[in-house]
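Each remark here refers to the structure printed beneath this line.
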Amino acid sequence: MATAATASATAATRFTLLAGAGLRSRISRLPTAVRFQRPRGLTTTALLKTVDLKPKEQGQPETLDYRVFLVDGGGRKVSPWHDVPLRAGDGAFHFIVEIPKESSAKMEVATDEAFTPIKQDTKKGNLRYYPYNINWNYGLLPQTWEDPTSANSDVEGAFGDNDPVDVVEIGERSANIGDVLKVKPLAALAMIDEGELDWKIVAISLDDPKASLVNDVDDVEKHFPGTLTAIRDWFRDYKIPDGKPANRFGLGNKPASKEYALKVIEETNESWEKLVKRNIPAGELSLA
C-alpha cells in the first residue's frame, strides 16, 4: 500500500501534467488515496480458467451487506473487473452479468471494494431499484474503464463516468448475477448521463440460437427488430419517474456500428491498463 505522501506526490505530478490539457477540474474531483491495491502473487489472467469461475453469494439478497463474489476453481476470490480477461478469443469478449434480464434491483460491481464484488447500489442508505424491469442481461466488460479525465471529442467532449464499460446482452436466456459469458459486440450507444459518457455496448451471447445471424448493427435490426430503439429509450427514460431529466445520446442519437464498438472497447481497455499500472490516479477505486 502506498503511503499517503507518495500517493499525494504522484497525484500532484499527474495533476500538473494534465492541467495544460484543460483537465484540472476533472482531476481535482478524484481523491488521491488508493483504498486497495492488487496484492503480489495474485493469479494472472493468463492462468485464470474462466470456465471454472463461479459466483458465490455472501449475505441475503436485497440487503445492504449482500455481495456476489467471483471465485475460481480453487475457491479463491478473483475480481470480475480486474482478473477476468477481456478477450475470449476469436473476436469474442467476456461479459460479467450484474443485472439479469427481467429484474429491477440495480446491481453493480463495487469498484471501491477489495475483489470488486457485485452489490446492490444504494442512495441515501436505501437500496436502489429501477422503476421497471430491465429487458436484457446487463453488466460489464472486464478490464475496461471509462477515464473521467479524458474528454471524448466524438461525443460532445464528455468525460468518462469512472466505471467499466456497460454491456446490454440481447439474447433470449436470462442469466444469473455473476455469470461470465462470451459475447460478440454488435453496436454501441453513447449515453450521456448528467454530462458523463456512459457507453452501452450492445452484444449477444455466443451460445444464443441467433448468435450466428447477427454480426453488426444492421443485423440486429433485421433479426431483433425494434431492439436498438427499445434499449436507447429504456436508458433514456428510466430516471424520469424519479423526477430527473431524461438521459441524452451522442453520435446523432443513433447506435454506432460494430467497428465503432470495437474501437470503444480497445480505447477503454487501454485506459484500464494505465489505471492498474498507476499511470492515472485511481482515487478510491480498488485495484485488487
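We name chains A, B, ... following the order of the C-alpha cells; residues begin at 1 in each chain, and ligands are numbered from 1 as shown.
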**Report entry** Spatial neighbours of Asp207 of chain A, 9 Å, only C-alpha atoms, chain gap at least 4 places, as a list in words
**Finding:**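 Everything that qualifies: Gly171, Leu181, Lys182, Val183 and Ala211 of chain A.
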So that I have them on file, write out the residues from the current selection with N, CA, C and O atoms, as a short mmCIF file (atom, residue, chain, number, x, y, z; two decimals), in the first residue's frame.
```
data_model
loop_
_atom_site.label_atom_id
_atom_site.label_comp_id
_atom_site.auth_asym_id
_atom_site.auth_seq_id
_atom_site.Cartn_x
_atom_site.Cartn_y
_atom_site.Cartn_z
N GLY A 171 -29.61 -11.59 -25.95
CA GLY A 171 -30.02 -12.97 -26.17
C GLY A 171 -31.29 -13.34 -25.42
O GLY A 171 -31.78 -12.60 -24.57
N LEU A 181 -20.07 -14.73 -19.39
CA LEU A 181 -20.49 -15.19 -20.71
C LEU A 181 -19.51 -14.69 -21.77
O LEU A 181 -18.85 -13.67 -21.59
N LYS A 182 -19.46 -15.42 -22.88
CA LYS A 182 -18.70 -14.96 -24.04
C LYS A 182 -19.68 -14.29 -25.00
O LYS A 182 -20.71 -14.87 -25.36
N VAL A 183 -19.38 -13.06 -25.40
CA VAL A 183 -20.29 -12.31 -26.26
C VAL A 183 -19.53 -11.73 -27.45
O VAL A 183 -18.30 -11.61 -27.42
N ALA A 211 -27.13 -16.16 -32.45
CA ALA A 211 -25.81 -15.53 -32.45
C ALA A 211 -25.15 -15.54 -33.82
O ALA A 211 -24.51 -14.57 -34.24
#
```
Query raised in the report: segment 190-205 of chain A: which residues within 6 Å, counting only C-alpha atoms, same-chain residues fewer than 5 positions away excluded, as a PyMOL selection string?
Result: chain A and resi 158-161+166-171+182-185+247-250
Can you write out the residues you just picked, keeping N, CA and C atoms, as a compact mmCIF listing (two decimals), in the first residue's frame?
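Listed below is the output, result.txt:
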```txt
# COMPACT_ATOMS: atom_id res chain seq x y z
N ALA A 158 -17.54 14.87 -23.81
CA ALA A 158 -17.92 14.31 -22.50
C ALA A 158 -16.78 13.47 -21.92
N PHE A 159 -16.67 13.48 -20.59
CA PHE A 159 -15.66 12.70 -19.88
C PHE A 159 -16.26 11.36 -19.44
N GLY A 160 -15.40 10.36 -19.27
CA GLY A 160 -15.85 9.05 -18.84
C GLY A 160 -16.46 9.07 -17.45
N ASP A 161 -17.26 8.04 -17.14
CA ASP A 161 -18.01 8.02 -15.89
C ASP A 161 -17.30 7.27 -14.75
N ASP A 166 -20.29 -0.70 -19.90
CA ASP A 166 -21.52 -1.47 -19.75
C ASP A 166 -21.84 -2.26 -21.01
N VAL A 167 -22.50 -3.41 -20.80
CA VAL A 167 -22.94 -4.27 -21.90
C VAL A 167 -24.43 -4.55 -21.74
N VAL A 168 -25.15 -4.46 -22.86
CA VAL A 168 -26.55 -4.88 -22.92
C VAL A 168 -26.59 -6.12 -23.81
N GLU A 169 -26.84 -7.27 -23.20
CA GLU A 169 -26.81 -8.54 -23.94
C GLU A 169 -28.24 -8.92 -24.32
N ILE A 170 -28.50 -9.08 -25.63
CA ILE A 170 -29.87 -9.16 -26.14
C ILE A 170 -30.36 -10.59 -26.39
N GLY A 171 -29.61 -11.59 -25.95
CA GLY A 171 -30.02 -12.97 -26.17
C GLY A 171 -31.29 -13.34 -25.42
N LYS A 182 -19.46 -15.42 -22.88
CA LYS A 182 -18.70 -14.96 -24.04
C LYS A 182 -19.68 -14.29 -25.00
N VAL A 183 -19.38 -13.06 -25.40
CA VAL A 183 -20.29 -12.31 -26.26
C VAL A 183 -19.53 -11.73 -27.45
N LYS A 184 -20.29 -11.38 -28.48
CA LYS A 184 -19.71 -10.61 -29.58
C LYS A 184 -20.43 -9.26 -29.66
N PRO A 185 -19.67 -8.18 -29.76
CA PRO A 185 -20.27 -6.84 -29.84
C PRO A 185 -20.95 -6.65 -31.19
N ASN A 247 -31.90 11.02 -19.93
CA ASN A 247 -30.52 10.97 -20.42
C ASN A 247 -30.50 11.31 -21.91
N ARG A 248 -29.32 11.67 -22.37
CA ARG A 248 -29.16 12.01 -23.79
C ARG A 248 -28.20 11.02 -24.44
N PHE A 249 -28.15 11.04 -25.77
CA PHE A 249 -27.23 10.18 -26.51
C PHE A 249 -26.48 11.00 -27.56
N GLY A 250 -25.19 10.72 -27.66
CA GLY A 250 -24.38 11.35 -28.68
C GLY A 250 -24.41 10.55 -29.98
```
Requested in this report: Give me every strand (DSSP E or B) residue in segment 96-204 of chain A, going by DSSP on the backbone, as a PyMOL selection string.
Outcome: chain A and resi 96-99+103-105+107-109+118-120+122-123+126-127+129-134+137-140+151-152+158-160+166-169+180-193+196-204
Query raised in the report: For the atom pair atom CA of Ser153 of chain A and atom CA of Ala282 of chain A, what is the interatomic distance in Å to one decimal place?
Result: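 These two atoms are separated by 23.0 Å.
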Query raised in the report: In Å, how far is it from atom CA of Gly178 of chain A to atom CA of Glu267 of chain A?
Result: 24.6 Å
Report task. From the DSSP assignment of the backbone, select every residue of segment 31-254 of chain A that is helix (DSSP H, G or I), and format the answer as number ranges by chain. Result -> A: 50-52, 211-213, 217-223, 227-237, 240-242, 251-253
Restricted to C-alpha atoms, what would the selected residues look like written as an mmCIF file, in the first residue's frame?
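After the write, out.cif holds the following:
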```cif
data_model
loop_
_atom_site.group_PDB
_atom_site.id
_atom_site.type_symbol
_atom_site.label_atom_id
_atom_site.label_comp_id
_atom_site.auth_asym_id
_atom_site.auth_seq_id
_atom_site.Cartn_x
_atom_site.Cartn_y
_atom_site.Cartn_z
ATOM 1 C CA THR A 50 -12.833 -18.603 -16.920
ATOM 2 C CA VAL A 51 -14.784 -21.842 -17.344
ATOM 3 C CA ASP A 52 -14.086 -22.576 -13.646
ATOM 4 C CA ALA A 211 -25.806 -15.530 -32.451
ATOM 5 C CA SER A 212 -24.657 -16.729 -35.875
ATOM 6 C CA LEU A 213 -27.213 -14.492 -37.591
ATOM 7 C CA VAL A 217 -25.767 -3.171 -36.158
ATOM 8 C CA ASP A 218 -27.905 -3.761 -39.272
ATOM 9 C CA ASP A 219 -28.277 -7.449 -38.411
ATOM 10 C CA VAL A 220 -29.708 -6.512 -35.023
ATOM 11 C CA GLU A 221 -32.498 -4.539 -36.650
ATOM 12 C CA LYS A 222 -33.192 -7.406 -39.043
ATOM 13 C CA HIS A 223 -33.305 -10.259 -36.527
ATOM 14 C CA THR A 227 -34.500 -3.754 -30.001
ATOM 15 C CA LEU A 228 -31.946 -0.987 -30.527
ATOM 16 C CA THR A 229 -34.636 1.674 -30.243
ATOM 17 C CA ALA A 230 -36.040 -0.041 -27.148
ATOM 18 C CA ILE A 231 -32.610 -0.106 -25.483
ATOM 19 C CA ARG A 232 -31.992 3.558 -26.229
ATOM 20 C CA ASP A 233 -35.430 4.598 -24.990
ATOM 21 C CA TRP A 234 -35.150 2.461 -21.835
ATOM 22 C CA PHE A 235 -31.870 4.062 -20.800
ATOM 23 C CA ARG A 236 -33.037 7.499 -21.884
ATOM 24 C CA ASP A 237 -36.163 7.440 -19.729
ATOM 25 C CA ILE A 240 -37.790 10.240 -15.306
ATOM 26 C CA PRO A 241 -40.082 8.539 -12.723
ATOM 27 C CA ASP A 242 -37.685 9.806 -10.024
ATOM 28 C CA LEU A 251 -23.372 10.206 -32.166
ATOM 29 C CA GLY A 252 -26.559 11.592 -33.665
ATOM 30 C CA ASN A 253 -28.776 9.727 -31.197
#
```
Query - Pick from A:Pro281, A:Pro131, A:Pro225, A:Pro245 nearest to Ser103 of chain A, counting only C-alpha atoms - result: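 Under the stated criterion, the closest residue is A:Pro131.
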Query - Thr116 of chain A surroundings by only C-alpha atoms, 10 Å radius, close-in-sequence under 3 positions cut, as a list in words - result: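 Residues meeting the cut-off are Arg67, Val68, Phe69, Leu70, Lys77, Val78, Ser79, Pro80, Trp81, His82, Glu108, Val109, Ala110, Thr111, Asp112, Glu113, Lys119, Leu285, Ser286, Leu287 and Ala288 of chain A.
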